[in-house]
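Coordinates from structure_9.pdb are shown below (PDB, C-alpha atoms, pLDDT in the B column).
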ATOM      1  CA  PRO O 112     -49.146   4.351  78.238  1.00 32.00           C
ATOM      2  CA  GLY O 113     -49.371   8.058  77.662  1.00 39.00           C
ATOM      3  CA  ALA O 114     -52.426   7.863  75.402  1.00 41.00           C
ATOM      4  CA  PRO O 115     -55.342  10.211  76.094  1.00 41.00           C
ATOM      5  CA  PRO O 116     -58.312   8.924  78.090  1.00 41.00           C
ATOM      6  CA  ALA O 117     -61.057   7.079  76.256  1.00 38.00           C
ATOM      7  CA  ALA O 118     -63.708   9.146  74.566  1.00 38.00           C
ATOM      8  CA  SER O 119     -67.133   9.401  76.090  1.00 36.00           C
ATOM      9  CA  ASN O 120     -69.811   7.473  74.263  1.00 32.00           C
ATOM     10  CA  GLY O 121     -71.698  10.590  73.198  1.00 37.00           C
ATOM     11  CA  SER O 122     -73.518  10.944  69.927  1.00 38.00           C
ATOM     12  CA  PRO O 123     -72.202  13.269  67.179  1.00 41.00           C
ATOM     13  CA  THR O 124     -73.466  16.836  67.334  1.00 40.00           C
ATOM     14  CA  SER O 125     -74.288  16.907  63.629  1.00 41.00           C
ATOM     15  CA  ASP O 126     -75.206  14.510  60.876  1.00 46.00           C
ATOM     16  CA  SER O 127     -75.958  14.306  57.164  1.00 47.00           C
ATOM     17  CA  THR O 128     -79.475  15.704  57.651  1.00 45.00           C
ATOM     18  CA  GLY O 129     -78.034  19.207  57.866  1.00 50.00           C
ATOM     19  CA  ARG O 130     -78.484  19.893  61.544  1.00 48.00           C
ATOM     20  CA  ARG O 131     -76.343  22.809  62.674  1.00 54.00           C
ATOM     21  CA  LEU O 132     -72.781  22.143  63.800  1.00 52.00           C
ATOM     22  CA  ARG O 133     -72.233  23.423  67.318  1.00 58.00           C
ATOM     23  CA  ALA O 134     -68.455  23.493  67.639  1.00 70.00           C
ATOM     24  CA  LEU O 135     -65.306  23.754  65.559  1.00 76.00           C
ATOM     25  CA  PRO O 136     -63.234  21.929  64.482  1.00 85.00           C
ATOM     26  CA  VAL O 137     -65.418  19.282  62.846  1.00 88.00           C
ATOM     27  CA  LEU O 138     -64.221  15.818  61.821  1.00 89.00           C
ATOM     28  CA  VAL O 139     -66.117  13.716  59.288  1.00 89.00           C
ATOM     29  CA  ASP O 140     -65.006  10.081  59.125  1.00 93.00           C
ATOM     30  CA  GLY O 141     -67.317   8.095  56.897  1.00 91.00           C
ATOM     31  CA  SER O 142     -70.776   8.297  58.454  1.00 90.00           C
ATOM     32  CA  THR O 143     -69.432   9.682  61.748  1.00 90.00           C
ATOM     33  CA  THR O 144     -69.334  13.424  62.425  1.00 90.00           C
ATOM     34  CA  ILE O 145     -67.662  14.734  65.577  1.00 90.00           C
ATOM     35  CA  CYS O 146     -67.420  18.344  66.767  1.00 88.00           C
ATOM     36  CA  GLY O 147     -64.897  19.831  69.192  1.00 86.00           C
ATOM     37  CA  ALA O 148     -61.147  19.398  69.522  1.00 84.00           C
ATOM     38  CA  ASP O 149     -61.162  17.211  72.641  1.00 83.00           C
ATOM     39  CA  GLN O 150     -63.814  14.870  71.273  1.00 89.00           C
ATOM     40  CA  ILE O 151     -61.998  14.563  67.941  1.00 91.00           C
ATOM     41  CA  CYS O 152     -58.647  13.769  69.607  1.00 88.00           C
ATOM     42  CA  CYS O 153     -60.225  11.069  71.750  1.00 88.00           C
ATOM     43  CA  TYR O 154     -61.990   9.580  68.728  1.00 93.00           C
ATOM     44  CA  LEU O 155     -58.787   9.480  66.657  1.00 92.00           C
ATOM     45  CA  TRP O 156     -56.826   7.793  69.435  1.00 90.00           C
ATOM     46  CA  ASN O 157     -59.561   5.226  70.009  1.00 91.00           C
ATOM     47  CA  GLU O 158     -60.069   4.457  66.316  1.00 92.00           C
ATOM     48  CA  TYR O 159     -56.522   4.675  64.943  1.00 91.00           C
ATOM     49  CA  GLY O 160     -54.023   4.951  67.789  1.00 88.00           C
ATOM     50  CA  ALA O 161     -54.457   1.638  69.603  1.00 83.00           C
ATOM     51  CA  THR O 162     -50.811   0.646  69.034  1.00 86.00           C
ATOM     52  CA  ALA O 163     -49.343   4.158  69.330  1.00 84.00           C
ATOM     53  CA  THR O 164     -47.877   5.993  72.307  1.00 84.00           C
ATOM     54  CA  ALA O 165     -48.427   9.720  72.660  1.00 83.00           C
ATOM     55  CA  PRO O 166     -45.087  11.562  72.431  1.00 79.00           C
ATOM     56  CA  LEU O 167     -43.868  13.729  75.302  1.00 85.00           C
ATOM     57  CA  ASN O 168     -44.677  17.044  73.616  1.00 79.00           C
ATOM     58  CA  TYR O 169     -48.252  15.875  73.050  1.00 80.00           C
ATOM     59  CA  ARG O 170     -48.660  14.921  76.720  1.00 85.00           C
ATOM     60  CA  ILE O 171     -47.237  18.267  77.817  1.00 87.00           C
ATOM     61  CA  ALA O 172     -49.618  20.095  75.474  1.00 81.00           C
ATOM     62  CA  GLN O 173     -52.546  18.216  76.997  1.00 81.00           C
ATOM     63  CA  ARG O 174     -51.611  19.538  80.420  1.00 85.00           C
ATOM     64  CA  LEU O 175     -51.193  23.081  79.115  1.00 83.00           C
ATOM     65  CA  ASP O 176     -54.600  22.894  77.452  1.00 79.00           C
ATOM     66  CA  GLU O 177     -56.156  22.573  80.885  1.00 81.00           C
ATOM     67  CA  VAL O 178     -55.347  26.276  81.390  1.00 83.00           C
ATOM     68  CA  ALA O 179     -58.051  28.209  79.529  1.00 77.00           C
ATOM     69  CA  LEU O 180     -55.893  31.286  78.866  1.00 78.00           C
ATOM     70  CA  LEU O 181     -53.195  29.177  77.203  1.00 77.00           C
ATOM     71  CA  ARG O 182     -55.760  27.782  74.785  1.00 74.00           C
ATOM     72  CA  LEU O 183     -56.485  31.324  73.613  1.00 75.00           C
ATOM     73  CA  LEU O 184     -52.852  32.388  73.427  1.00 77.00           C
ATOM     74  CA  PRO O 185     -52.197  31.405  69.759  1.00 73.00           C
ATOM     75  CA  SER O 186     -55.186  33.474  68.598  1.00 73.00           C
ATOM     76  CA  LEU O 187     -54.230  36.416  70.796  1.00 76.00           C
ATOM     77  CA  LEU O 188     -50.745  36.476  69.299  1.00 76.00           C
ATOM     78  CA  ARG O 189     -52.030  36.331  65.712  1.00 76.00           C
ATOM     79  CA  PRO O 190     -55.059  38.673  65.683  1.00 72.00           C
ATOM     80  CA  LEU O 191     -54.911  40.109  62.139  1.00 74.00           C
ATOM     81  CA  PRO O 192     -57.504  39.234  59.480  1.00 69.00           C
ATOM     82  CA  ARG O 193     -54.883  37.466  57.354  1.00 71.00           C
ATOM     83  CA  HIS O 194     -54.224  35.050  60.227  1.00 76.00           C
ATOM     84  CA  GLY O 195     -57.352  33.084  59.425  1.00 73.00           C
ATOM     85  CA  LEU O 196     -59.802  34.805  61.768  1.00 72.00           C
ATOM     86  CA  VAL O 197     -61.762  36.740  59.124  1.00 77.00           C
ATOM     87  CA  LEU O 198     -63.042  35.565  55.756  1.00 82.00           C
ATOM     88  CA  LEU O 199     -61.844  37.662  52.822  1.00 86.00           C
ATOM     89  CA  PRO O 200     -63.596  37.649  49.427  1.00 89.00           C
ATOM     90  CA  SER O 201     -62.157  35.179  46.955  1.00 91.00           C
ATOM     91  CA  ARG O 202     -62.999  33.157  43.894  1.00 92.00           C
ATOM     92  CA  GLN O 203     -63.083  29.407  44.373  1.00 92.00           C
ATOM     93  CA  PRO O 204     -60.813  27.000  42.480  1.00 94.00           C
ATOM     94  CA  ALA O 205     -62.380  24.315  40.322  1.00 95.00           C
ATOM     95  CA  GLU O 206     -60.245  21.635  42.026  1.00 95.00           C
ATOM     96  CA  PRO O 207     -58.910  21.559  45.599  1.00 95.00           C
ATOM     97  CA  LEU O 208     -55.314  22.648  46.123  1.00 96.00           C
ATOM     98  CA  ILE O 209     -52.778  20.213  47.615  1.00 94.00           C
ATOM     99  CA  LEU O 210     -50.611  21.202  50.603  1.00 95.00           C
ATOM    100  CA  TRP O 211     -47.783  19.133  52.091  1.00 91.00           C
ATOM    101  CA  GLY O 212     -46.647  19.994  55.595  1.00 91.00           C
ATOM    102  CA  TYR O 213     -46.794  19.091  59.255  1.00 88.00           C
ATOM    103  CA  GLU O 214     -48.693  20.651  62.123  1.00 83.00           C
ATOM    104  CA  SER O 215     -45.871  22.164  64.179  1.00 82.00           C
ATOM    105  CA  SER O 216     -44.207  24.061  61.320  1.00 89.00           C
ATOM    106  CA  PRO O 217     -44.742  27.860  61.623  1.00 90.00           C
ATOM    107  CA  PHE O 218     -44.171  28.164  57.874  1.00 93.00           C
ATOM    108  CA  VAL O 219     -46.928  25.656  57.119  1.00 94.00           C
ATOM    109  CA  MET O 220     -49.199  27.529  59.540  1.00 92.00           C
ATOM    110  CA  ARG O 221     -48.673  30.739  57.558  1.00 92.00           C
ATOM    111  CA  VAL O 222     -49.930  29.029  54.399  1.00 95.00           C
ATOM    112  CA  ARG O 223     -52.850  27.350  56.146  1.00 93.00           C
ATOM    113  CA  GLU O 224     -53.910  30.714  57.545  1.00 92.00           C
ATOM    114  CA  ALA O 225     -54.027  32.120  54.008  1.00 93.00           C
ATOM    115  CA  LEU O 226     -56.027  29.117  52.774  1.00 94.00           C
ATOM    116  CA  CYS O 227     -58.460  29.596  55.653  1.00 90.00           C
ATOM    117  CA  THR O 228     -58.742  33.367  55.202  1.00 91.00           C
ATOM    118  CA  LEU O 229     -59.536  32.918  51.515  1.00 92.00           C
ATOM    119  CA  GLN O 230     -61.663  29.821  52.248  1.00 91.00           C
ATOM    120  CA  LEU O 231     -59.903  27.772  49.583  1.00 94.00           C
ATOM    121  CA  PRO O 232     -60.677  24.039  49.572  1.00 94.00           C
ATOM    122  CA  HIS O 233     -57.489  22.006  49.837  1.00 94.00           C
ATOM    123  CA  LEU O 234     -56.141  18.567  50.604  1.00 93.00           C
ATOM    124  CA  ALA O 235     -53.626  18.626  53.473  1.00 92.00           C
ATOM    125  CA  ILE O 236     -51.060  15.815  53.334  1.00 89.00           C
ATOM    126  CA  HIS O 237     -49.267  15.529  56.662  1.00 87.00           C
ATOM    127  CA  VAL O 238     -45.618  14.476  56.397  1.00 85.00           C
ATOM    128  CA  PRO O 239     -44.192  14.728  59.950  1.00 79.00           C
ATOM    129  CA  MET O 240     -40.655  13.798  60.957  1.00 74.00           C
ATOM    130  CA  GLY O 241     -40.243  10.032  60.715  1.00 72.00           C
ATOM    131  CA  SER O 242     -43.094   9.575  58.226  1.00 77.00           C
ATOM    132  CA  ALA O 243     -40.942   7.522  55.871  1.00 77.00           C
ATOM    133  CA  ALA O 244     -43.582   6.275  53.408  1.00 80.00           C
ATOM    134  CA  LYS O 245     -45.217   9.670  52.856  1.00 80.00           C
ATOM    135  CA  ARG O 246     -41.884  11.453  52.558  1.00 78.00           C
ATOM    136  CA  GLN O 247     -40.597   8.898  50.071  1.00 79.00           C
ATOM    137  CA  ALA O 248     -43.745   9.438  48.026  1.00 81.00           C
ATOM    138  CA  PHE O 249     -43.191  13.200  48.148  1.00 79.00           C
ATOM    139  CA  ILE O 250     -39.577  12.765  46.992  1.00 77.00           C
ATOM    140  CA  GLY O 251     -40.703  10.481  44.161  1.00 75.00           C
ATOM    141  CA  GLN O 252     -43.142  13.092  42.878  1.00 76.00           C
ATOM    142  CA  ASN O 253     -41.049  16.218  43.424  1.00 73.00           C
ATOM    143  CA  LYS O 254     -37.368  15.298  43.675  1.00 67.00           C
ATOM    144  CA  GLY O 255     -36.342  17.405  40.711  1.00 65.00           C
ATOM    145  CA  LEU O 256     -37.875  20.498  42.313  1.00 65.00           C
ATOM    146  CA  LEU O 257     -36.005  20.255  45.634  1.00 63.00           C
ATOM    147  CA  SER O 258     -32.712  22.018  46.305  1.00 62.00           C
ATOM    148  CA  ALA O 259     -29.434  20.094  46.113  1.00 64.00           C
ATOM    149  CA  ALA O 260     -29.000  20.542  49.870  1.00 60.00           C
ATOM    150  CA  ARG O 261     -32.377  18.934  50.554  1.00 62.00           C
ATOM    151  CA  ARG O 262     -31.666  16.031  48.219  1.00 61.00           C
ATOM    152  CA  ALA O 263     -28.272  15.427  49.878  1.00 62.00           C
ATOM    153  CA  ALA O 264     -29.492  15.784  53.484  1.00 63.00           C
ATOM    154  CA  PRO O 265     -29.189  12.653  55.668  1.00 63.00           C
ATOM    155  CA  GLN O 266     -32.298  10.719  56.532  1.00 63.00           C
ATOM    156  CA  MET O 267     -33.944  10.950  59.945  1.00 61.00           C
ATOM    157  CA  ASN O 268     -35.373   7.716  61.356  1.00 60.00           C
ATOM    158  CA  GLY O 269     -35.379   6.252  57.867  1.00 61.00           C
ATOM    159  CA  ALA O 270     -37.282   9.185  56.381  1.00 65.00           C
ATOM    160  CA  PRO O 271     -35.744  11.593  53.848  1.00 66.00           C
ATOM    161  CA  MET O 272     -35.568  15.328  54.470  1.00 72.00           C
ATOM    162  CA  ILE O 273     -38.073  17.353  52.471  1.00 78.00           C
ATOM    163  CA  GLN O 274     -39.059  20.996  52.193  1.00 81.00           C
ATOM    164  CA  VAL O 275     -42.408  22.185  53.538  1.00 87.00           C
ATOM    165  CA  PRO O 276     -44.736  23.854  53.036  1.00 93.00           C
ATOM    166  CA  ALA O 277     -45.174  22.696  49.469  1.00 92.00           C
ATOM    167  CA  LEU O 278     -48.248  23.650  47.494  1.00 94.00           C
ATOM    168  CA  LEU O 279     -49.535  22.258  44.212  1.00 92.00           C
ATOM    169  CA  ASP O 280     -52.417  23.934  42.422  1.00 95.00           C
ATOM    170  CA  PRO O 281     -54.027  21.539  39.903  1.00 94.00           C
ATOM    171  CA  ASN O 282     -55.865  24.534  38.446  1.00 95.00           C
ATOM    172  CA  GLN O 283     -52.570  26.175  37.455  1.00 91.00           C
ATOM    173  CA  PRO O 284     -50.374  23.216  36.383  1.00 86.00           C
ATOM    174  CA  GLN O 285     -47.891  25.491  34.643  1.00 87.00           C
ATOM    175  CA  ARG O 286     -46.827  26.905  38.040  1.00 86.00           C
ATOM    176  CA  GLY O 287     -45.533  23.567  39.277  1.00 84.00           C
ATOM    177  CA  LEU O 288     -44.706  23.051  42.949  1.00 87.00           C
ATOM    178  CA  LEU O 289     -44.464  26.149  45.170  1.00 92.00           C
ATOM    179  CA  LEU O 290     -42.077  25.769  48.110  1.00 88.00           C
ATOM    180  CA  GLU O 291     -41.466  29.002  50.042  1.00 90.00           C
ATOM    181  CA  SER O 292     -44.199  30.019  52.502  1.00 93.00           C
ATOM    182  CA  MET O 293     -44.329  33.720  51.585  1.00 94.00           C
ATOM    183  CA  GLU O 294     -44.175  32.888  47.888  1.00 94.00           C
ATOM    184  CA  ILE O 295     -47.141  30.548  48.377  1.00 95.00           C
ATOM    185  CA  VAL O 296     -49.124  33.152  50.332  1.00 94.00           C
ATOM    186  CA  ARG O 297     -48.497  35.832  47.704  1.00 93.00           C
ATOM    187  CA  TYR O 298     -49.537  33.376  44.990  1.00 95.00           C
ATOM    188  CA  LEU O 299     -52.793  32.513  46.780  1.00 95.00           C
ATOM    189  CA  TYR O 300     -53.767  36.156  47.192  1.00 93.00           C
ATOM    190  CA  ALA O 301     -52.734  37.098  43.657  1.00 92.00           C
ATOM    191  CA  THR O 302     -54.614  34.160  42.131  1.00 94.00           C
ATOM    192  CA  TYR O 303     -57.748  33.829  44.254  1.00 94.00           C
ATOM    193  CA  ALA O 304     -58.330  36.962  46.373  1.00 92.00           C
ATOM    194  CA  GLU O 305     -60.853  39.509  45.126  1.00 88.00           C
ATOM    195  CA  GLY O 306     -61.329  43.222  45.734  1.00 78.00           C
ATOM    196  CA  ALA O 307     -59.117  44.989  48.288  1.00 63.00           C
ATOM    197  CA  ALA O 308     -57.839  41.656  49.607  1.00 60.00           C
ATOM    198  CA  ALA O 309     -56.082  40.974  46.291  1.00 60.00           C
ATOM    199  CA  ALA O 310     -54.001  44.125  46.608  1.00 58.00           C
ATOM    200  CA  LYS O 311     -52.716  43.166  50.055  1.00 58.00           C
ATOM    201  CA  ARG O 312     -51.193  39.882  48.824  1.00 56.00           C
ATOM    202  CA  GLY O 313     -51.292  38.519  52.388  1.00 54.00           C
ATOM    203  CA  GLU O 314     -48.870  41.119  53.743  1.00 56.00           C
TER     204      GLU O 314
END
Target format structure tokens, applied to this file:
Amino acid sequence: PGAPPAASNGSPTSDSTGRRLRALPVLVDGSTTICGADQICCYLWNEYGATATAPLNYRIAQRLDEVALLRLLPSLLRPLPRHGLVLLPSRQPAEPLILWGYESSPFVMRVREALCTLQLPHLAIHVPMGSAAKRQAFIGQNKGLLSAARRAAPQMNGAPMIQVPALLDPNQPQRGLLLESMEIVRYLYATYAEGAAAAKRGE
């Protein structure tokens, strides 16, 4: 109960032959390509959420999404170029960056906006509350870099507390793990932005 309705049995709007994508976001899962937020959500629930129940906040958000103006509200409140709406010139990293975070964090959003604005390829590892296995893996890799307060914090639903956003740049291994959102944004602009965008440092 509470799961979204089943997806329609429509064909993907794009494929590997290079036909133009007609809507964003785009999900590629193996040989399947799906365009559009609603279609992607339905596909994910059908393919991977058979035993899951949609949480209350997700069900509320579905209802709010039925109001067209509310769908536009996030973009209207964050209209500046650095908020991910406009591409700024940048040089591309040799290897994708790695970002740990979860969708509802405003601090993670700030970093993702910078990654989008600079069009930097990255691997997003989602570690939401209660994601015990992923958070344990994060702790195992980065425990020495977390604050004493984070290391001593009690677990929530069997999952340790961690600090996000956390960014690792394999192209600059000497920098190690970056943890504060504004520090990460300034680093991205200083390292990868070109021209006038580099001087702004995301501010």
* Asked: Do you know which residues are at most 7 Å from region 185-196 of chain O counting all atoms listed in the file, after dropping those on the same chain fewer than 2 positions away, and could you put them as a list of chain:residue names?
  -> O:Leu183, O:Leu198, O:Glu224, O:Ala225, O:Cys227, O:Thr228, O:Gly313
Keeping C-alpha atoms, export the residues of the selection given above as a JSON list (two decimals), keeping the file's coordinate frame.
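Below is the file out03.json, written as the result:
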[["chain", "number", "residue", "atom", "x", "y", "z"],
["O", 183, "LEU", "CA", -56.48, 31.32, 73.61],
["O", 198, "LEU", "CA", -63.04, 35.56, 55.76],
["O", 224, "GLU", "CA", -53.91, 30.71, 57.54],
["O", 225, "ALA", "CA", -54.03, 32.12, 54.01],
["O", 227, "CYS", "CA", -58.46, 29.60, 55.65],
["O", 228, "THR", "CA", -58.74, 33.37, 55.20],
["O", 313, "GLY", "CA", -51.29, 38.52, 52.39]]
* Asked: Care to translate the PyMOL selection byres ((chain O and resi 304) around 7) into actual residues of this file, as a list in words?
  ->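 Expected selection for the PyMOL selection byres ((chain O and resi 304) around 7) here is Pro200, Ser201, Arg202, Leu229, Tyr300, Ala301, Thr302, Tyr303, Glu305, Gly306, Ala308 and Ala309 of chain O.
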* Asked: Between O:Gly141, O:Pro166, O:Gly212, O:Gly160, which has the minimum distance to Phe249 (chain O) (counting only C-alpha atoms)?
  -> O:Gly212
* **For CA of Gln274 (chain O) and CA of Leu290 (chain O), the interatomic separation in Å (one decimal)** => 7.0 Å
* **Interatomic distance (Å, one decimal) between CA of His237 (chain O) and CA of Leu199 (chain O)** =>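 These atoms are spaced 25.7 Å apart.
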* Using all atoms listed in the file, which residues sit within 8 Å of Leu288 (chain O) once same-chain residues fewer than 6 positions away are excluded, as a ChimeraX atom specification? -> /O:253,256,277-280
* To do: Name the residues that the PyMOL selection byres ((chain O and resi 146-158) around 6) picks from the file above, as number ranges by chain, using the file's chain letters and numbers.
  => O: 118, 134-137, 145, 159-160
* Would you list the contacts of Val222 (chain O) as a ChimeraX atom specification, taking every protein, DNA or RNA residue within 9 Å and counting all atoms listed in the file, but skipping same-chain residues closer than 6 positions in sequence? => /O:210,276,278,292-293,295-296,299
* Interatomic distance between CA of Arg182 (chain O) and CA of Arg297 (chain O)? ->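 Those two atoms sit 29.2 Å apart.
The nearest approach to Pro284 (chain O) among the residues O:Ile209, O:Leu175, O:Gln203, O:Thr164, with all atoms listed in the file taken into account, belongs to O:Ile209.
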Would you write out, as a JSON list (two decimals) with C-alpha atoms, keeping the file's coordinate frame, every residue that the PyMOL selection byres ((chain O and resi 248) around 12) captures in this file?
[["chain", "number", "residue", "atom", "x", "y", "z"],
["O", 211, "TRP", "CA", -47.78, 19.13, 52.09],
["O", 236, "ILE", "CA", -51.06, 15.82, 53.33],
["O", 237, "HIS", "CA", -49.27, 15.53, 56.66],
["O", 238, "VAL", "CA", -45.62, 14.48, 56.40],
["O", 242, "SER", "CA", -43.09, 9.57, 58.23],
["O", 243, "ALA", "CA", -40.94, 7.52, 55.87],
["O", 244, "ALA", "CA", -43.58, 6.28, 53.41],
["O", 245, "LYS", "CA", -45.22, 9.67, 52.86],
["O", 246, "ARG", "CA", -41.88, 11.45, 52.56],
["O", 247, "GLN", "CA", -40.60, 8.90, 50.07],
["O", 249, "PHE", "CA", -43.19, 13.20, 48.15],
["O", 250, "ILE", "CA", -39.58, 12.76, 46.99],
["O", 251, "GLY", "CA", -40.70, 10.48, 44.16],
["O", 252, "GLN", "CA", -43.14, 13.09, 42.88],
["O", 253, "ASN", "CA", -41.05, 16.22, 43.42],
["O", 254, "LYS", "CA", -37.37, 15.30, 43.68],
["O", 270, "ALA", "CA", -37.28, 9.18, 56.38],
["O", 271, "PRO", "CA", -35.74, 11.59, 53.85],
["O", 272, "MET", "CA", -35.57, 15.33, 54.47],
["O", 273, "ILE", "CA", -38.07, 17.35, 52.47]]
* Contacts of Glu206 (chain O) within 8 Å, all atoms listed in the file, excl. fewer than 3 positions in-chain, as a list of chain:residue names ->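 Residues near the query, excluding close chain neighbours: O:Pro232, O:Pro281, O:Asn282.
The shortest atom-to-atom distance to Gln283 (chain O), with all atoms listed in the file taken into account, belongs to O:Tyr298 out of O:Tyr298, O:Ala163, O:Leu181, O:Arg221.
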